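Structure file final.cif (mmCIF, N, CA and C atoms, pLDDT in the B column; chains and numbers go by the auth columns) follows.
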```cif
data_protein
#
loop_
_atom_site.group_PDB
_atom_site.id
_atom_site.type_symbol
_atom_site.label_atom_id
_atom_site.label_comp_id
_atom_site.label_asym_id
_atom_site.label_seq_id
_atom_site.Cartn_x
_atom_site.Cartn_y
_atom_site.Cartn_z
_atom_site.B_iso_or_equiv
_atom_site.auth_seq_id
_atom_site.auth_asym_id
ATOM 1 N N MET A 1 -4.896 -9.352 1.102 52.00 1 F
ATOM 2 C CA MET A 1 -3.579 -8.943 1.583 52.00 1 F
ATOM 3 C C MET A 1 -3.445 -9.354 3.039 52.00 1 F
ATOM 4 N N LYS A 2 -2.424 -10.123 3.324 66.00 2 F
ATOM 5 C CA LYS A 2 -2.179 -10.535 4.696 66.00 2 F
ATOM 6 C C LYS A 2 -1.207 -9.564 5.344 66.00 2 F
ATOM 7 N N THR A 3 -1.588 -9.049 6.514 65.00 3 F
ATOM 8 C CA THR A 3 -0.751 -8.091 7.235 65.00 3 F
ATOM 9 C C THR A 3 0.292 -8.837 8.053 65.00 3 F
ATOM 10 N N PRO A 4 1.553 -8.444 7.947 73.00 4 F
ATOM 11 C CA PRO A 4 2.586 -9.107 8.749 73.00 4 F
ATOM 12 C C PRO A 4 2.435 -8.773 10.233 73.00 4 F
ATOM 13 N N ASN A 5 3.016 -9.607 11.085 80.00 5 F
ATOM 14 C CA ASN A 5 2.989 -9.364 12.525 80.00 5 F
ATOM 15 C C ASN A 5 4.109 -8.439 12.957 80.00 5 F
ATOM 16 N N GLN A 6 5.175 -8.394 12.173 88.00 6 F
ATOM 17 C CA GLN A 6 6.328 -7.573 12.494 88.00 6 F
ATOM 18 C C GLN A 6 6.966 -7.065 11.218 88.00 6 F
ATOM 19 N N LEU A 7 7.594 -5.912 11.315 92.00 7 F
ATOM 20 C CA LEU A 7 8.307 -5.351 10.171 92.00 7 F
ATOM 21 C C LEU A 7 9.771 -5.761 10.207 92.00 7 F
ATOM 22 N N SER A 8 10.374 -5.835 9.044 94.00 8 F
ATOM 23 C CA SER A 8 11.807 -6.126 8.967 94.00 8 F
ATOM 24 C C SER A 8 12.600 -4.898 9.408 94.00 8 F
ATOM 25 N N ARG A 9 13.857 -5.078 9.725 96.00 9 F
ATOM 26 C CA ARG A 9 14.734 -3.966 10.108 96.00 9 F
ATOM 27 C C ARG A 9 14.781 -2.940 8.989 96.00 9 F
ATOM 28 N N GLU A 10 14.864 -3.414 7.752 97.00 10 F
ATOM 29 C CA GLU A 10 14.916 -2.510 6.601 97.00 10 F
ATOM 30 C C GLU A 10 13.631 -1.678 6.501 97.00 10 F
ATOM 31 N N ALA A 11 12.481 -2.314 6.704 94.00 11 F
ATOM 32 C CA ALA A 11 11.201 -1.598 6.637 94.00 11 F
ATOM 33 C C ALA A 11 11.089 -0.565 7.753 94.00 11 F
ATOM 34 N N ILE A 12 11.544 -0.916 8.947 95.00 12 F
ATOM 35 C CA ILE A 12 11.513 0.014 10.081 95.00 12 F
ATOM 36 C C ILE A 12 12.363 1.243 9.773 95.00 12 F
ATOM 37 N N ASP A 13 13.580 1.011 9.307 97.00 13 F
ATOM 38 C CA ASP A 13 14.483 2.129 9.009 97.00 13 F
ATOM 39 C C ASP A 13 13.940 3.014 7.889 97.00 13 F
ATOM 40 N N GLU A 14 13.362 2.390 6.871 97.00 14 F
ATOM 41 C CA GLU A 14 12.806 3.158 5.759 97.00 14 F
ATOM 42 C C GLU A 14 11.602 3.986 6.219 97.00 14 F
ATOM 43 N N PHE A 15 10.733 3.381 7.035 95.00 15 F
ATOM 44 C CA PHE A 15 9.561 4.105 7.537 95.00 15 F
ATOM 45 C C PHE A 15 9.996 5.273 8.415 95.00 15 F
ATOM 46 N N LYS A 16 11.012 5.056 9.269 97.00 16 F
ATOM 47 C CA LYS A 16 11.530 6.134 10.126 97.00 16 F
ATOM 48 C C LYS A 16 12.017 7.314 9.288 97.00 16 F
ATOM 49 N N THR A 17 12.755 7.012 8.233 97.00 17 F
ATOM 50 C CA THR A 17 13.294 8.058 7.364 97.00 17 F
ATOM 51 C C THR A 17 12.177 8.849 6.704 97.00 17 F
ATOM 52 N N ILE A 18 11.210 8.140 6.143 96.00 18 F
ATOM 53 C CA ILE A 18 10.092 8.807 5.468 96.00 18 F
ATOM 54 C C ILE A 18 9.297 9.650 6.462 96.00 18 F
ATOM 55 N N TYR A 19 9.010 9.089 7.633 96.00 19 F
ATOM 56 C CA TYR A 19 8.219 9.803 8.634 96.00 19 F
ATOM 57 C C TYR A 19 8.933 11.073 9.092 96.00 19 F
ATOM 58 N N GLN A 20 10.243 10.955 9.323 97.00 20 F
ATOM 59 C CA GLN A 20 11.000 12.124 9.772 97.00 20 F
ATOM 60 C C GLN A 20 11.047 13.204 8.690 97.00 20 F
ATOM 61 N N GLU A 21 11.192 12.803 7.436 97.00 21 F
ATOM 62 C CA GLU A 21 11.212 13.781 6.342 97.00 21 F
ATOM 63 C C GLU A 21 9.865 14.480 6.203 97.00 21 F
ATOM 64 N N GLU A 22 8.782 13.739 6.376 97.00 22 F
ATOM 65 C CA GLU A 22 7.440 14.297 6.186 97.00 22 F
ATOM 66 C C GLU A 22 6.945 15.105 7.385 97.00 22 F
ATOM 67 N N PHE A 23 7.224 14.613 8.598 96.00 23 F
ATOM 68 C CA PHE A 23 6.634 15.215 9.793 96.00 23 F
ATOM 69 C C PHE A 23 7.645 15.838 10.758 96.00 23 F
ATOM 70 N N GLY A 24 8.941 15.659 10.505 97.00 24 F
ATOM 71 C CA GLY A 24 9.963 16.264 11.339 97.00 24 F
ATOM 72 C C GLY A 24 10.087 15.662 12.728 97.00 24 F
ATOM 73 N N LYS A 25 9.612 14.435 12.899 96.00 25 F
ATOM 74 C CA LYS A 25 9.672 13.771 14.200 96.00 25 F
ATOM 75 C C LYS A 25 10.346 12.416 14.044 96.00 25 F
ATOM 76 N N CYS A 26 11.270 12.123 14.959 96.00 26 F
ATOM 77 C CA CYS A 26 11.953 10.833 14.959 96.00 26 F
ATOM 78 C C CYS A 26 11.157 9.857 15.823 96.00 26 F
ATOM 79 N N LEU A 27 10.852 8.691 15.273 96.00 27 F
ATOM 80 C CA LEU A 27 10.070 7.685 15.987 96.00 27 F
ATOM 81 C C LEU A 27 10.972 6.586 16.540 96.00 27 F
ATOM 82 N N THR A 28 10.516 5.951 17.609 97.00 28 F
ATOM 83 C CA THR A 28 11.200 4.766 18.131 97.00 28 F
ATOM 84 C C THR A 28 10.780 3.565 17.281 97.00 28 F
ATOM 85 N N ASP A 29 11.519 2.475 17.416 96.00 29 F
ATOM 86 C CA ASP A 29 11.162 1.252 16.693 96.00 29 F
ATOM 87 C C ASP A 29 9.755 0.783 17.059 96.00 29 F
ATOM 88 N N ASP A 30 9.389 0.866 18.330 96.00 30 F
ATOM 89 C CA ASP A 30 8.054 0.447 18.768 96.00 30 F
ATOM 90 C C ASP A 30 6.966 1.317 18.150 96.00 30 F
ATOM 91 N N GLU A 31 7.204 2.617 18.081 97.00 31 F
ATOM 92 C CA GLU A 31 6.229 3.517 17.460 97.00 31 F
ATOM 93 C C GLU A 31 6.069 3.203 15.975 97.00 31 F
ATOM 94 N N VAL A 32 7.185 2.925 15.319 96.00 32 F
ATOM 95 C CA VAL A 32 7.142 2.575 13.902 96.00 32 F
ATOM 96 C C VAL A 32 6.336 1.302 13.701 96.00 32 F
ATOM 97 N N GLN A 33 6.608 0.284 14.517 95.00 33 F
ATOM 98 C CA GLN A 33 5.864 -0.984 14.404 95.00 33 F
ATOM 99 C C GLN A 33 4.368 -0.733 14.512 95.00 33 F
ATOM 100 N N GLU A 34 3.962 0.028 15.512 95.00 34 F
ATOM 101 C CA GLU A 34 2.542 0.271 15.746 95.00 34 F
ATOM 102 C C GLU A 34 1.905 1.062 14.603 95.00 34 F
ATOM 103 N N ILE A 35 2.521 2.164 14.216 95.00 35 F
ATOM 104 C CA ILE A 35 1.956 3.022 13.183 95.00 35 F
ATOM 105 C C ILE A 35 1.925 2.306 11.831 95.00 35 F
ATOM 106 N N ALA A 36 3.033 1.700 11.459 93.00 36 F
ATOM 107 C CA ALA A 36 3.118 1.061 10.144 93.00 36 F
ATOM 108 C C ALA A 36 2.177 -0.135 10.033 93.00 36 F
ATOM 109 N N LEU A 37 2.079 -0.939 11.083 92.00 37 F
ATOM 110 C CA LEU A 37 1.181 -2.090 11.025 92.00 37 F
ATOM 111 C C LEU A 37 -0.279 -1.657 10.989 92.00 37 F
ATOM 112 N N ARG A 38 -0.606 -0.594 11.700 93.00 38 F
ATOM 113 C CA ARG A 38 -1.977 -0.052 11.619 93.00 38 F
ATOM 114 C C ARG A 38 -2.267 0.439 10.202 93.00 38 F
ATOM 115 N N LEU A 39 -1.298 1.095 9.603 92.00 39 F
ATOM 116 C CA LEU A 39 -1.462 1.593 8.247 92.00 39 F
ATOM 117 C C LEU A 39 -1.644 0.437 7.254 92.00 39 F
ATOM 118 N N LEU A 40 -0.854 -0.603 7.408 89.00 40 F
ATOM 119 C CA LEU A 40 -0.999 -1.772 6.539 89.00 40 F
ATOM 120 C C LEU A 40 -2.361 -2.435 6.713 89.00 40 F
ATOM 121 N N ARG A 41 -2.831 -2.550 7.960 89.00 41 F
ATOM 122 C CA ARG A 41 -4.159 -3.128 8.205 89.00 41 F
ATOM 123 C C ARG A 41 -5.243 -2.266 7.570 89.00 41 F
ATOM 124 N N PHE A 42 -5.108 -0.956 7.695 91.00 42 F
ATOM 125 C CA PHE A 42 -6.074 -0.027 7.115 91.00 42 F
ATOM 126 C C PHE A 42 -6.166 -0.224 5.600 91.00 42 F
ATOM 127 N N PHE A 43 -5.014 -0.258 4.924 88.00 43 F
ATOM 128 C CA PHE A 43 -5.020 -0.461 3.485 88.00 43 F
ATOM 129 C C PHE A 43 -5.547 -1.846 3.124 88.00 43 F
ATOM 130 N N GLY A 44 -5.295 -2.845 3.960 85.00 44 F
ATOM 131 C CA GLY A 44 -5.849 -4.177 3.725 85.00 44 F
ATOM 132 C C GLY A 44 -7.361 -4.166 3.782 85.00 44 F
ATOM 133 N N ILE A 45 -7.910 -3.419 4.727 85.00 45 F
ATOM 134 C CA ILE A 45 -9.364 -3.288 4.840 85.00 45 F
ATOM 135 C C ILE A 45 -9.924 -2.580 3.614 85.00 45 F
ATOM 136 N N LEU A 46 -9.295 -1.485 3.228 87.00 46 F
ATOM 137 C CA LEU A 46 -9.756 -0.758 2.047 87.00 46 F
ATOM 138 C C LEU A 46 -9.695 -1.628 0.795 87.00 46 F
ATOM 139 N N ASN A 47 -8.641 -2.366 0.674 83.00 47 F
ATOM 140 C CA ASN A 47 -8.441 -3.210 -0.492 83.00 47 F
ATOM 141 C C ASN A 47 -9.487 -4.333 -0.551 83.00 47 F
ATOM 142 N N GLY A 48 -9.890 -4.847 0.582 82.00 48 F
ATOM 143 C CA GLY A 48 -10.816 -5.969 0.603 82.00 48 F
ATOM 144 C C GLY A 48 -12.261 -5.584 0.744 82.00 48 F
ATOM 145 N N SER A 49 -12.560 -4.312 1.005 57.00 49 F
ATOM 146 C CA SER A 49 -13.932 -3.938 1.303 57.00 49 F
ATOM 147 C C SER A 49 -14.697 -3.370 0.116 57.00 49 F
ATOM 148 N N ILE A 50 -14.043 -3.220 -1.027 52.00 50 F
ATOM 149 C CA ILE A 50 -14.716 -2.657 -2.183 52.00 50 F
ATOM 150 C C ILE A 50 -15.403 -3.782 -2.945 52.00 50 F
ATOM 151 N N PRO A 51 -16.742 -3.760 -2.991 54.00 51 F
ATOM 152 C CA PRO A 51 -17.450 -4.837 -3.698 54.00 51 F
ATOM 153 C C PRO A 51 -17.263 -4.721 -5.213 54.00 51 F
ATOM 154 N N ASP A 52 -17.362 -5.861 -5.877 55.00 52 F
ATOM 155 C CA ASP A 52 -17.260 -5.890 -7.330 55.00 52 F
ATOM 156 C C ASP A 52 -18.619 -5.555 -7.920 55.00 52 F
ATOM 157 N N GLU A 53 -18.866 -4.274 -8.146 51.00 53 F
ATOM 158 C CA GLU A 53 -20.123 -3.822 -8.709 51.00 53 F
ATOM 159 C C GLU A 53 -19.825 -2.977 -9.938 51.00 53 F
ATOM 160 N N THR A 54 -20.668 -3.061 -10.900 50.00 54 F
ATOM 161 C CA THR A 54 -20.520 -2.199 -12.065 50.00 54 F
ATOM 162 C C THR A 54 -21.304 -0.918 -11.820 50.00 54 F
ATOM 163 N N VAL A 55 -20.736 0.182 -12.242 49.00 55 F
ATOM 164 C CA VAL A 55 -21.374 1.474 -12.067 49.00 55 F
ATOM 165 C C VAL A 55 -22.201 1.760 -13.314 49.00 55 F
ATOM 166 N N ASP A 56 -23.462 2.097 -13.117 48.00 56 F
ATOM 167 C CA ASP A 56 -24.350 2.400 -14.247 48.00 56 F
ATOM 168 C C ASP A 56 -24.321 3.870 -14.577 48.00 56 F
#
```

For this file, write the structure as structure tokens.
Amino acid sequence: MKTPNQLSREAIDEFKTIYQEEFGKCLTDDEVQEIALRLLRFFGILNGSIPDETVD
């Protein structure tokens, strides 16, 4: 999974809405960019770090 360098306007607005509903705090566009991109990188790491091993 390749992490984007920037979020689209639609993604920023959607993330702001979800964040405000969940945590009751309104974020700036810069805060959204930072938090969302970190989250995407985190999931990219998780997605790529699981080795293909069979469980016995």

Q. In Å, with one decimal, what is the gap from atom C of Gln20 of chain F to atom CA of Leu39 of chain F?
A. 17.1 Å

Q: To one decimal in Å, tell me the separation between atom CA of Gly24 of chain F and atom N of Asn47 of chain F.
A: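 Between atom CA of Gly24 of chain F and atom N of Asn47 of chain F the gap works out to 28.4 Å.
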
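Across the structure, atom CA of Phe23 of chain F and atom CA of Ala36 of chain F are spaced 14.6 Å apart.
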
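The shortest atom-to-atom distance to Leu7 of chain F, with all atoms listed in the file taken into account, belongs to F:Gln33 out of F:Gln33, F:Lys25, F:Tyr19, F:Phe42.
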
Listed atoms of segment 30-49 of chain F boxed axis-aligned with 8 Å per side, centre + edges as AutoDock Vina command-line options:
```
--center_x -2.7 --center_y -1.2 --center_z 9.1 --size_x 40.1 --size_y 25.5 --size_z 35.3
```

Q: Name the residues of chain F that fall into helix (DSSP H, G or I) according to DSSP on the backbone, using the chain letters and numbers of this document, as an MDAnalysis selection string.
A: chainID F and resid 9:23 29:49

(Q) Taking 3 positions as the minimum chain separation for residues in the same chain, which residues sit within 10 Å of Pro4 of chain F when counting only C-alpha atoms? Answer as a PyMOL selection string. (A) chain F and resi 1+7-8+37+40-41
